[in-house]
Structures are given as C-alpha cells and as structure tokens.
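Trainee: Structure: protein30.tsv, TSV, C-alpha atoms and all ligand atoms.
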```
chain	number	residue	atom	x	y	z
A	5	MET	CA	87.46	180.96	-107.01
A	6	SER	CA	91.17	180.80	-107.79
A	7	ALA	CA	93.96	178.26	-107.75
A	8	LYS	CA	95.58	180.20	-104.87
A	9	ASN	CA	92.48	179.79	-102.75
A	10	PRO	CA	91.61	176.10	-102.38
A	11	GLY	CA	88.09	175.27	-101.25
A	12	ASN	CA	87.08	174.21	-97.75
A	13	ILE	CA	86.34	170.62	-96.85
A	14	PHE	CA	83.08	169.76	-95.09
A	15	ILE	CA	82.47	166.36	-93.59
A	16	ILE	CA	78.78	165.56	-93.43
A	17	SER	CA	77.76	162.54	-91.34
A	18	ALA	CA	74.49	161.25	-89.93
A	19	ALA	CA	72.79	158.10	-88.76
A	20	SER	CA	71.01	156.30	-91.59
A	21	GLY	CA	67.45	157.51	-92.19
A	22	THR	CA	68.25	161.10	-91.24
A	23	GLY	CA	67.89	162.45	-94.78
A	24	LYS	CA	71.56	163.24	-95.34
A	25	THR	CA	71.68	162.21	-99.00
A	26	THR	CA	68.54	164.20	-99.88
A	27	LEU	CA	69.90	167.24	-98.06
A	28	VAL	CA	73.26	167.06	-99.80
A	29	SER	CA	71.72	166.71	-103.25
A	30	ARG	CA	69.48	169.74	-102.62
A	31	LEU	CA	72.48	171.70	-101.41
A	32	LEU	CA	74.45	170.82	-104.56
A	33	SER	CA	71.61	171.94	-106.84
A	34	ALA	CA	71.50	175.30	-105.08
A	35	HIS	CA	75.28	175.93	-104.89
A	36	ALA	CA	77.30	175.71	-108.11
A	37	ASP	CA	80.56	176.25	-106.18
A	38	VAL	CA	80.05	173.20	-103.92
A	39	ARG	CA	80.83	169.65	-105.03
A	40	VAL	CA	80.58	166.27	-103.38
A	41	SER	CA	83.57	163.95	-103.41
A	42	ILE	CA	82.68	160.71	-105.20
A	43	SER	CA	83.76	157.79	-103.04
A	44	HIS	CA	85.04	154.38	-104.04
A	45	THR	CA	83.07	151.42	-102.72
A	46	THR	CA	83.01	147.65	-102.98
A	47	ARG	CA	79.24	147.48	-102.49
A	48	ALA	CA	77.11	146.57	-105.50
A	49	PRO	CA	75.34	149.45	-107.29
A	50	ARG	CA	71.67	149.94	-106.35
A	51	GLU	CA	69.11	150.45	-109.05
A	52	GLY	CA	69.71	153.75	-110.83
A	53	GLU	CA	73.23	154.25	-109.44
A	54	ARG	CA	75.95	154.94	-111.98
A	55	HIS	CA	79.70	154.38	-111.84
A	56	GLY	CA	81.53	157.70	-111.56
A	57	GLU	CA	78.39	159.57	-110.58
A	58	HIS	CA	77.19	158.09	-107.28
A	59	TYR	CA	80.28	156.03	-106.51
A	60	TYR	CA	83.24	154.42	-108.21
A	61	PHE	CA	82.19	150.78	-107.88
A	62	VAL	CA	85.30	148.64	-107.59
A	63	GLY	CA	86.25	145.09	-106.58
A	64	THR	CA	87.77	144.27	-103.19
A	65	ALA	CA	91.24	143.58	-104.67
A	66	GLU	CA	91.30	146.94	-106.46
A	67	PHE	CA	90.11	148.74	-103.32
A	68	GLU	CA	92.75	147.06	-101.13
A	69	GLU	CA	95.47	147.83	-103.67
A	70	MET	CA	94.49	151.50	-103.67
A	71	ALA	CA	94.40	151.56	-99.87
A	72	ASP	CA	97.84	149.93	-99.61
A	73	ALA	CA	99.25	152.47	-102.08
A	74	GLY	CA	98.00	155.30	-99.82
A	75	GLY	CA	95.38	156.40	-102.34
A	76	PHE	CA	92.70	157.17	-99.73
A	77	LEU	CA	92.40	160.11	-97.36
A	78	GLU	CA	90.21	157.79	-95.27
A	79	HIS	CA	88.54	154.46	-95.72
A	80	ALA	CA	86.25	152.32	-93.61
A	81	ASN	CA	84.17	149.18	-93.58
A	82	VAL	CA	80.50	150.15	-93.34
A	83	PHE	CA	77.84	147.41	-93.10
A	84	GLY	CA	80.33	144.88	-94.55
A	85	ASN	CA	81.52	146.92	-97.55
A	86	TYR	CA	84.55	149.11	-98.04
A	87	TYR	CA	84.13	152.83	-98.68
A	88	GLY	CA	86.91	155.36	-99.22
A	89	THR	CA	87.65	158.95	-100.22
A	90	SER	CA	90.30	159.12	-102.94
A	91	LEU	CA	93.00	161.72	-102.35
A	92	THR	CA	93.46	162.63	-106.02
A	93	GLY	CA	89.73	163.23	-106.60
A	94	LEU	CA	89.46	165.43	-103.52
A	95	LYS	CA	92.59	167.49	-104.29
A	96	ALA	CA	91.47	168.08	-107.89
A	97	LEU	CA	88.13	169.55	-106.75
A	98	GLN	CA	89.73	171.61	-103.98
A	99	ASN	CA	92.39	173.04	-106.28
A	100	GLU	CA	89.71	174.14	-108.72
A	101	GLY	CA	88.37	176.25	-105.84
A	102	PHE	CA	85.28	174.19	-105.06
A	103	ASP	CA	84.14	173.67	-101.49
A	104	VAL	CA	84.02	169.90	-101.15
A	105	ILE	CA	81.56	167.80	-99.18
A	106	LEU	CA	82.60	164.39	-97.90
A	107	GLU	CA	79.42	162.46	-97.25
A	108	ILE	CA	80.98	159.78	-95.08
A	109	ASP	CA	80.35	157.70	-91.96
A	110	VAL	CA	81.58	158.57	-88.46
A	111	GLN	CA	84.66	156.30	-88.67
A	112	GLY	CA	85.78	158.08	-91.83
A	113	ALA	CA	84.96	161.45	-90.27
A	114	GLN	CA	87.35	160.78	-87.40
A	115	GLN	CA	90.15	159.79	-89.80
A	116	VAL	CA	89.66	162.99	-91.82
A	117	ARG	CA	89.70	165.13	-88.65
A	118	ARG	CA	93.06	163.61	-87.73
A	119	ALA	CA	94.57	164.02	-91.22
A	120	LEU	CA	93.05	167.43	-92.02
A	121	PRO	CA	92.25	169.33	-88.82
A	122	GLU	CA	90.98	172.28	-90.89
A	123	ALA	CA	88.11	170.16	-92.27
A	124	VAL	CA	84.73	171.25	-90.87
A	125	GLY	CA	82.52	168.54	-89.34
A	126	ILE	CA	78.74	168.76	-89.68
A	127	PHE	CA	76.43	166.17	-88.13
A	128	ILE	CA	72.80	165.85	-89.18
A	129	LEU	CA	70.42	164.75	-86.42
A	130	PRO	CA	66.86	163.47	-86.65
A	131	PRO	CA	64.33	165.51	-84.62
A	132	SER	CA	63.61	162.45	-82.42
A	133	PHE	CA	64.12	158.69	-82.27
A	134	ALA	CA	60.40	158.23	-82.84
A	135	GLU	CA	60.67	160.16	-86.11
A	136	LEU	CA	63.81	158.28	-87.17
A	137	ALA	CA	62.04	154.96	-86.51
A	138	GLU	CA	59.07	156.13	-88.54
A	139	ARG	CA	61.31	157.17	-91.46
A	140	LEU	CA	63.20	153.86	-91.42
A	141	ARG	CA	59.94	151.87	-91.31
A	142	GLY	CA	58.39	154.13	-93.94
A	143	ARG	CA	61.12	153.26	-96.44
A	144	GLY	CA	59.58	149.80	-96.46
A	145	THR	CA	62.89	148.31	-97.56
A	146	ASP	CA	63.96	146.73	-94.27
A	147	ALA	CA	62.45	143.95	-92.14
A	148	PRO	CA	61.37	145.02	-88.60
A	149	GLU	CA	64.45	143.40	-86.99
A	150	VAL	CA	66.70	145.27	-89.43
A	151	VAL	CA	64.98	148.55	-88.50
A	152	GLU	CA	65.59	147.72	-84.80
A	153	LYS	CA	69.27	147.04	-85.55
A	154	ARG	CA	69.63	150.32	-87.48
A	155	LEU	CA	68.03	152.22	-84.59
A	156	ARG	CA	70.48	150.73	-82.10
A	157	GLN	CA	73.35	151.62	-84.48
A	158	ALA	CA	71.91	155.12	-84.87
A	159	ARG	CA	72.21	155.70	-81.12
A	160	GLY	CA	75.93	154.88	-81.26
A	161	GLU	CA	76.43	157.12	-84.32
A	162	ILE	CA	74.50	159.99	-82.73
A	163	GLU	CA	76.75	159.76	-79.68
A	164	GLN	CA	79.64	160.53	-82.05
A	165	SER	CA	78.00	163.84	-82.99
A	166	LEU	CA	79.80	165.35	-79.97
A	167	LEU	CA	83.01	165.24	-82.05
A	168	PHE	CA	81.62	167.49	-84.83
A	169	ASP	CA	81.74	171.30	-85.18
A	170	TYR	CA	78.15	171.91	-86.26
A	171	ILE	CA	74.84	170.19	-85.65
A	172	VAL	CA	71.90	170.49	-88.01
A	173	VAL	CA	68.55	169.00	-86.95
A	174	ASN	CA	66.58	167.82	-89.96
A	175	ARG	CA	63.04	168.76	-88.84
A	176	ASP	CA	62.24	170.39	-92.13
A	177	LEU	CA	64.26	169.83	-95.33
A	178	ALA	CA	64.21	173.44	-96.53
A	179	GLU	CA	65.23	174.77	-93.13
A	180	ALA	CA	68.03	172.21	-92.69
A	181	GLU	CA	69.30	172.96	-96.21
A	182	ALA	CA	69.36	176.68	-95.44
A	183	GLN	CA	71.34	176.00	-92.25
A	184	LEU	CA	73.87	173.87	-94.15
A	185	GLY	CA	74.25	176.60	-96.79
A	186	ALA	CA	74.81	179.21	-94.07
A	187	ILE	CA	77.58	177.11	-92.48
A	188	ILE	CA	79.32	176.69	-95.83
A	189	ARG	CA	79.05	180.39	-96.72
A	190	ALA	CA	80.26	181.51	-93.28
A	191	HIS	CA	83.40	179.40	-93.64
A	192	ARG	CA	84.37	181.31	-96.78
A	193	GLN	CA	84.78	184.39	-94.58
A	194	THR	CA	87.22	182.86	-92.08
A	195	LEU	CA	90.62	184.50	-91.72
A	196	ALA	CA	92.37	181.44	-93.19
A	197	ARG	CA	90.23	181.66	-96.31
A	198	GLN	CA	90.60	185.47	-96.65
A	199	GLN	CA	94.34	185.69	-95.90
A	200	ASN	CA	95.26	186.03	-99.59
A	201	PHE	CA	92.85	188.91	-99.98
A	202	ILE	CA	94.24	190.72	-96.92
A	203	GLU	CA	97.80	190.36	-98.22
A	204	HIS	CA	96.71	191.61	-101.63
A	205	LEU	CA	94.95	194.60	-100.04
A	206	LEU	CA	97.93	195.53	-97.90
A	207	SER	CA	100.27	195.29	-100.90
A	208	GLU	CA	98.31	198.05	-102.66
A	209	ASN	CA	99.99	201.42	-102.96
A	210	PHE	CA	98.03	204.49	-101.99
B	1	LIG	P1	75.39	153.72	-98.81
B	1	LIG	O1	75.88	152.34	-99.10
B	1	LIG	O2	74.00	153.73	-98.24
B	1	LIG	O3	75.52	154.62	-100.01
B	1	LIG	O4	76.33	154.34	-97.69
B	1	LIG	C1	76.49	153.71	-96.44
B	1	LIG	C2	77.30	154.60	-95.51
B	1	LIG	O5	78.64	154.75	-96.00
B	1	LIG	C3	76.76	156.03	-95.37
B	1	LIG	O6	76.83	156.41	-94.00
B	1	LIG	C4	77.73	156.83	-96.19
B	1	LIG	O7	77.82	158.17	-95.74
B	1	LIG	C5	79.02	156.09	-95.94
B	1	LIG	N1	80.05	156.40	-96.95
B	1	LIG	C6	79.88	156.69	-98.26
B	1	LIG	N2	81.06	156.95	-98.85
B	1	LIG	C7	82.00	156.85	-97.87
B	1	LIG	C8	83.43	157.02	-97.85
B	1	LIG	O8	84.09	157.33	-98.84
B	1	LIG	N3	84.04	156.81	-96.65
B	1	LIG	C9	83.36	156.47	-95.52
B	1	LIG	N4	84.08	156.32	-94.40
B	1	LIG	N5	82.03	156.29	-95.50
B	1	LIG	C10	81.36	156.48	-96.66
```
Have the structure of the file written as structure tokens, please.
Ligand code: 5GP
Mentor:
Amino acid sequence: MSAKNPGNIFIISAASGTGKTTLVSRLLSAHADVRVSISHTTRAPREGERHGEHYYFVGTAEFEEMADAGGFLEHANVFGNYYGTSLTGLKALQNEGFDVILEIDVQGAQQVRRALPEAVGIFILPPSFAELAERLRGRGTDAPEVVEKRLRQARGEIEQSLLFDYIVVNRDLAEAEAQLGAIIRAHRQTLARQQNFIEHLLSENF
C-alpha cells in the first residue's frame, strides 16, 4: 500500500435478503486491506447500530445541505430514506491505499459507474426466488404482504445485475466470500494498478 497507489473501488449491490451485509462483514474480517465506506443516511438507527460505525445518521436538512454542496459521490432515496456516499470519506480511505467497498443500492451503483468508470461492480444473487422468499420470511421481521412487495422489488433489482461486472451467487456463505475475495485480489493485478511498479522496474539501471 502506498500513497501513489490508491485502492480500487468495488460496488457491491444485491436485492434485500441476499446476504450482502453478512458477506461484506465476513470479507472485512478476513482482509485487513479492504474497508467499507460508511454511508450517511436519514433513516433511524436500528438496535445495535452506532453512529460512525454502521452509518452516519443525520437529519434530512443536513443530508440535503451536503448533497447541494456536492458532498456525495452518489445519493439515492431507498425505501423512503436518503442514503449517500460521502466523497471525502471515500477519498481518505482510497488515498491510504485501502480497497474500498461501497455497499449501495442499484440506483447508487449506476451513479458511481457514471462518475467513476474504473469502479468495479459486483452483484450478489440469491440461488433462487424460492430461497430468497424463504430467507425473507425466515427473518420474521416483515408481514407477508411486505415480503411479497420485497420479492417483487427484488425481481426489478436482479434485472439490474446485467449492468455489473461480476456476479456472485450466494448459495453458500464461505464459497461466496471466497469468490468475492478472489475478485478483489485479481483487481490488484490489473495493468492500471501495476503501472507504477512497471515504471519503477523499467527505471532501474542494469
Ligand atoms: P439498510 O437501511 O437496510 O441499511 O439499507 C437499505 C439499502 O440502502 C441497501 O440496499 C443498502 O445497500 C443501501 N445503501 C446503504 N448505503 C447506501 C448509500 O450510501 N447509497 C446508496 N445509494 N444506497 C445505500
């Protein structure tokens, strides 16, 4: 890691219930050189969520002010709340040489692809709709009609997976985590990421 070699950006999106958050937290535990960008949101914290760790929880006025001032790389309204990726937070992590994960929805993913074409898009898919339905029902947090609504939304989100670079099917957590890790490691070997090394090598006298 060096200041000359900023980290890669990985967008990770999925339909809700696909296990994205669990996968990302496992990935972070296993890779000290990967960080997740902490988003700003106007939604209320859930039990156990802490400001500055899971999200920066802010009011609507503060969020809108930040958006108007151009403080977000992307921002979107998801299920009635604002979510956004702050530019300063992202740049700080990248400049320290960390590979950065943006765990964001498909609307945000499209905005990032337009602003930063070098960002790598990864979409996590459930193995089947039947399994997704089972996982959503199994959470026990949503009424049956809410589960039905989420499943219909999931179809629309999954259709957006065609716009991503990589697809990981979450059949088995350990296997999906290994696939994610492989994608991240492979991107460290791209020409763009190794250009500094090549220049350094060619500048050597022999
Ligand atoms: P939750 O409220 O369950 O934490 O997240 C709801 C959805 O918002 C998830 O799909 C999550 O990935 C997405 N999300 C979280 N942070 C951001 C963000 O900064 N930007 C966008 N566009 N979506 C986000």
Trainee: What are the nearest atom pairs, with distances in Å to one decimal, for all residues of chain A that come at most 7 Å from ligand LIG 1 (chain B), using all atoms listed in the file, set out by chain and rising residue number as CSV?
Mentor:
```
residue,atom,partner,partner_atom,distance
A:Ser17,CA,B:LIG1,O7,6.2
A:Ala18,CA,B:LIG1,O6,6.7
A:Ala19,CA,B:LIG1,O6,6.8
A:Ser20,CA,B:LIG1,O6,6.3
A:Ser43,CA,B:LIG1,O8,4.2
A:His44,CA,B:LIG1,O8,6.1
A:Arg47,CA,B:LIG1,O1,6.8
A:Glu78,CA,B:LIG1,N4,6.4
A:His79,CA,B:LIG1,N4,5.0
A:Ala80,CA,B:LIG1,N4,4.6
A:Val82,CA,B:LIG1,O5,5.6
A:Tyr87,CA,B:LIG1,C8,4.3
A:Gly88,CA,B:LIG1,O8,3.5
A:Thr89,CA,B:LIG1,O8,4.1
A:Glu107,CA,B:LIG1,O7,4.8
A:Ile108,CA,B:LIG1,O7,3.6
A:Asp109,CA,B:LIG1,N5,4.2
A:Val110,CA,B:LIG1,N4,6.8
A:Gln111,CA,B:LIG1,N4,5.8
A:Gly112,CA,B:LIG1,N4,3.5
A:Ala113,CA,B:LIG1,N4,6.6
```
Trainee: Just the selected residues (C-alpha atoms), exported as a tab-separated table (two decimals), in the coordinates of the input, please.
Mentor:
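Output file part-v2.tsv follows:
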```tsv
chain	number	residue	atom	x	y	z
A	17	SER	CA	77.76	162.54	-91.34
A	18	ALA	CA	74.49	161.25	-89.93
A	19	ALA	CA	72.79	158.10	-88.76
A	20	SER	CA	71.01	156.30	-91.59
A	43	SER	CA	83.76	157.79	-103.04
A	44	HIS	CA	85.04	154.38	-104.04
A	47	ARG	CA	79.24	147.48	-102.49
A	78	GLU	CA	90.21	157.79	-95.27
A	79	HIS	CA	88.54	154.46	-95.72
A	80	ALA	CA	86.25	152.32	-93.61
A	82	VAL	CA	80.50	150.15	-93.34
A	87	TYR	CA	84.13	152.83	-98.68
A	88	GLY	CA	86.91	155.36	-99.22
A	89	THR	CA	87.65	158.95	-100.22
A	107	GLU	CA	79.42	162.46	-97.25
A	108	ILE	CA	80.98	159.78	-95.08
A	109	ASP	CA	80.35	157.70	-91.96
A	110	VAL	CA	81.58	158.57	-88.46
A	111	GLN	CA	84.66	156.30	-88.67
A	112	GLY	CA	85.78	158.08	-91.83
A	113	ALA	CA	84.96	161.45	-90.27
```
Trainee: Would you work out the distance separating CA of Arg156 in chain A from CA of Pro49 in chain A, expressed in Å to one decimal?
Mentor: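 So the two atoms, CA of Arg156 in chain A and CA of Pro49 in chain A, lie 25.7 Å apart.
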Trainee: At what distance in Å, to one decimal, does CA of Gly125 in chain A lie from CA of Gly23 in chain A?
Mentor: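 Straight-line distance from CA of Gly23 in chain A to CA of Gly125 in chain A works out to 16.8 Å.
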Trainee: Considering all atoms listed in the file, state which residue in the set A:Leu166, A:Leu77, A:Ile42, A:Val150 is at the smallest distance from Gln115 in chain A.
Mentor: A:Leu77
Trainee: Set the distance at 7 Å and use only C-alpha atoms: which residues neighbour Leu106 in chain A once local chain neighbours fewer than 2 positions away are removed? I'd like the list as a PyMOL selection string.
Mentor: chain A and resi 14-16+40-41+104+108
Trainee: Go through A:Thr46, A:Phe76, A:Leu27, A:Arg154 one by one, measure the shortest atom-to-atom distance of each to Val172 in chain A using all atoms listed in the file, and give the residue with the smallest value.
Mentor: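 Between A:Thr46, A:Phe76, A:Leu27, A:Arg154, the residue approaching Val172 in chain A most closely is A:Leu27.
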Trainee: Could you jot down the CA of Leu91 in chain A to CA of Thr25 in chain A separation for me, Å, one decimal place?
Mentor: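 Those two atoms sit 21.6 Å apart.
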Trainee: Using all atoms listed in the file, can you tell me which of A:Gly74, A:Gly21, A:Gly11, A:Gly160 comes closest to Arg139 in chain A?
Mentor: A:Gly21
Trainee: I want to know what sits within 9 Å of Ile188 in chain A, based on all atoms listed in the file, with residues of the same chain fewer than 3 positions away left out; could you give that as a PyMOL selection string?
Mentor: chain A and resi 12+14+38+103+183-185+191-192
Trainee: Pick the closest to Glu57 in chain A from A:Arg39, A:His204, A:Phe83, A:Gln114: which is it, counting all atoms listed in the file?
Mentor: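 Going through A:Arg39, A:His204, A:Phe83, A:Gln114 one by one, the smallest distance to Glu57 in chain A is for A:Arg39.
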Trainee: In file coordinates, which residues lie within 12 Å of (67.1, 172.1, -89.7) using all atoms listed in the file, given as a ChimeraX atom specification?
Mentor: /A:22-24,27,127-131,170-187
Trainee: Could you add the missing atoms to range 34-45 of chain A, up to all heavy atoms, and return them as a PDB file, in the coordinates of the input?
Mentor:
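Wrote selection.pdb, looks like this:
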```pdb
ATOM      1  N   ALA A  34      71.622 173.873-105.371  1.00  0.00           N
ATOM      2  CA  ALA A  34      71.500 175.300-105.080  1.00  0.00           C
ATOM      3  C   ALA A  34      72.857 176.025-105.070  1.00  0.00           C
ATOM      4  O   ALA A  34      72.890 177.248-105.087  1.00  0.00           O
ATOM      5  CB  ALA A  34      70.795 175.491-103.746  1.00  0.00           C
ATOM      6  N   HIS A  35      73.959 175.295-104.992  1.00  0.00           N
ATOM      7  CA  HIS A  35      75.280 175.930-104.890  1.00  0.00           C
ATOM      8  C   HIS A  35      76.222 175.373-105.953  1.00  0.00           C
ATOM      9  O   HIS A  35      76.771 174.277-105.787  1.00  0.00           O
ATOM     10  CB  HIS A  35      75.906 175.685-103.502  1.00  0.00           C
ATOM     11  CG  HIS A  35      75.151 176.333-102.391  1.00  0.00           C
ATOM     12  ND1 HIS A  35      73.997 175.799-101.866  1.00  0.00           N
ATOM     13  CD2 HIS A  35      75.382 177.472-101.702  1.00  0.00           C
ATOM     14  CE1 HIS A  35      73.551 176.588-100.909  1.00  0.00           C
ATOM     15  NE2 HIS A  35      74.372 177.616-100.787  1.00  0.00           N
ATOM     16  N   ALA A  36      76.464 176.164-107.007  1.00  0.00           N
ATOM     17  CA  ALA A  36      77.300 175.710-108.110  1.00  0.00           C
ATOM     18  C   ALA A  36      78.771 175.597-107.696  1.00  0.00           C
ATOM     19  O   ALA A  36      79.551 174.908-108.358  1.00  0.00           O
ATOM     20  CB  ALA A  36      77.175 176.669-109.281  1.00  0.00           C
ATOM     21  N   ASP A  37      79.153 176.267-106.613  1.00  0.00           N
ATOM     22  CA  ASP A  37      80.560 176.250-106.180  1.00  0.00           C
ATOM     23  C   ASP A  37      80.829 175.203-105.092  1.00  0.00           C
ATOM     24  O   ASP A  37      81.864 175.221-104.440  1.00  0.00           O
ATOM     25  CB  ASP A  37      80.987 177.647-105.704  1.00  0.00           C
ATOM     26  CG  ASP A  37      79.885 178.334-104.907  1.00  0.00           C
ATOM     27  OD1 ASP A  37      78.913 177.631-104.528  1.00  0.00           O
ATOM     28  OD2 ASP A  37      79.985 179.545-104.669  1.00  0.00           O
ATOM     29  N   VAL A  38      79.869 174.297-104.896  1.00  0.00           N
ATOM     30  CA  VAL A  38      80.050 173.200-103.920  1.00  0.00           C
ATOM     31  C   VAL A  38      79.956 171.878-104.680  1.00  0.00           C
ATOM     32  O   VAL A  38      79.071 171.709-105.522  1.00  0.00           O
ATOM     33  CB  VAL A  38      78.974 173.260-102.812  1.00  0.00           C
ATOM     34  CG1 VAL A  38      79.164 172.125-101.817  1.00  0.00           C
ATOM     35  CG2 VAL A  38      78.997 174.597-102.092  1.00  0.00           C
ATOM     36  N   ARG A  39      80.874 170.980-104.416  1.00  0.00           N
ATOM     37  CA  ARG A  39      80.830 169.650-105.030  1.00  0.00           C
ATOM     38  C   ARG A  39      80.922 168.574-103.960  1.00  0.00           C
ATOM     39  O   ARG A  39      81.450 168.831-102.882  1.00  0.00           O
ATOM     40  CB  ARG A  39      82.026 169.447-105.990  1.00  0.00           C
ATOM     41  CG  ARG A  39      81.996 170.342-107.215  1.00  0.00           C
ATOM     42  CD  ARG A  39      80.997 169.814-108.232  1.00  0.00           C
ATOM     43  NE  ARG A  39      80.747 170.815-109.259  1.00  0.00           N
ATOM     44  CZ  ARG A  39      81.410 170.919-110.402  1.00  0.00           C
ATOM     45  NH1 ARG A  39      82.382 170.070-110.683  1.00  0.00           N
ATOM     46  NH2 ARG A  39      81.108 171.856-111.269  1.00  0.00           N
ATOM     47  N   VAL A  40      80.446 167.396-104.309  1.00  0.00           N
ATOM     48  CA  VAL A  40      80.580 166.270-103.380  1.00  0.00           C
ATOM     49  C   VAL A  40      81.692 165.363-103.910  1.00  0.00           C
ATOM     50  O   VAL A  40      81.814 165.184-105.132  1.00  0.00           O
ATOM     51  CB  VAL A  40      79.235 165.525-103.184  1.00  0.00           C
ATOM     52  CG1 VAL A  40      78.815 164.767-104.418  1.00  0.00           C
ATOM     53  CG2 VAL A  40      79.287 164.605-101.992  1.00  0.00           C
ATOM     54  N   SER A  41      82.506 164.868-103.013  1.00  0.00           N
ATOM     55  CA  SER A  41      83.570 163.950-103.410  1.00  0.00           C
ATOM     56  C   SER A  41      82.928 162.587-103.705  1.00  0.00           C
ATOM     57  O   SER A  41      82.119 162.098-102.902  1.00  0.00           O
ATOM     58  CB  SER A  41      84.582 163.858-102.269  1.00  0.00           C
ATOM     59  OG  SER A  41      85.285 162.658-102.318  1.00  0.00           O
ATOM     60  N   ILE A  42      83.263 162.009-104.853  1.00  0.00           N
ATOM     61  CA  ILE A  42      82.680 160.710-105.200  1.00  0.00           C
ATOM     62  C   ILE A  42      83.566 159.604-104.639  1.00  0.00           C
ATOM     63  O   ILE A  42      84.742 159.511-104.987  1.00  0.00           O
ATOM     64  CB  ILE A  42      82.495 160.578-106.734  1.00  0.00           C
ATOM     65  CG1 ILE A  42      81.544 161.687-107.209  1.00  0.00           C
ATOM     66  CG2 ILE A  42      81.963 159.205-107.110  1.00  0.00           C
ATOM     67  CD1 ILE A  42      81.501 161.870-108.702  1.00  0.00           C
ATOM     68  N   SER A  43      82.990 158.825-103.731  1.00  0.00           N
ATOM     69  CA  SER A  43      83.760 157.790-103.040  1.00  0.00           C
ATOM     70  C   SER A  43      83.930 156.540-103.890  1.00  0.00           C
ATOM     71  O   SER A  43      83.186 156.317-104.835  1.00  0.00           O
ATOM     72  CB  SER A  43      83.018 157.385-101.758  1.00  0.00           C
ATOM     73  OG  SER A  43      82.901 158.479-100.893  1.00  0.00           O
ATOM     74  N   HIS A  44      84.895 155.730-103.489  1.00  0.00           N
ATOM     75  CA  HIS A  44      85.040 154.380-104.040  1.00  0.00           C
ATOM     76  C   HIS A  44      84.326 153.431-103.075  1.00  0.00           C
ATOM     77  O   HIS A  44      84.378 153.636-101.861  1.00  0.00           O
ATOM     78  CB  HIS A  44      86.512 153.979-104.111  1.00  0.00           C
ATOM     79  CG  HIS A  44      87.251 154.624-105.247  1.00  0.00           C
ATOM     80  ND1 HIS A  44      87.418 155.982-105.332  1.00  0.00           N
ATOM     81  CD2 HIS A  44      87.863 154.089-106.331  1.00  0.00           C
ATOM     82  CE1 HIS A  44      88.101 156.262-106.429  1.00  0.00           C
ATOM     83  NE2 HIS A  44      88.383 155.143-107.057  1.00  0.00           N
ATOM     84  N   THR A  45      83.682 152.437-103.602  1.00  0.00           N
ATOM     85  CA  THR A  45      83.070 151.420-102.720  1.00  0.00           C
ATOM     86  C   THR A  45      83.107 150.046-103.368  1.00  0.00           C
ATOM     87  O   THR A  45      83.111 149.928-104.599  1.00  0.00           O
ATOM     88  CB  THR A  45      81.607 151.774-102.350  1.00  0.00           C
ATOM     89  OG1 THR A  45      81.126 150.797-101.411  1.00  0.00           O
ATOM     90  CG2 THR A  45      80.671 151.788-103.550  1.00  0.00           C
TER      91      THR A  45
END
```
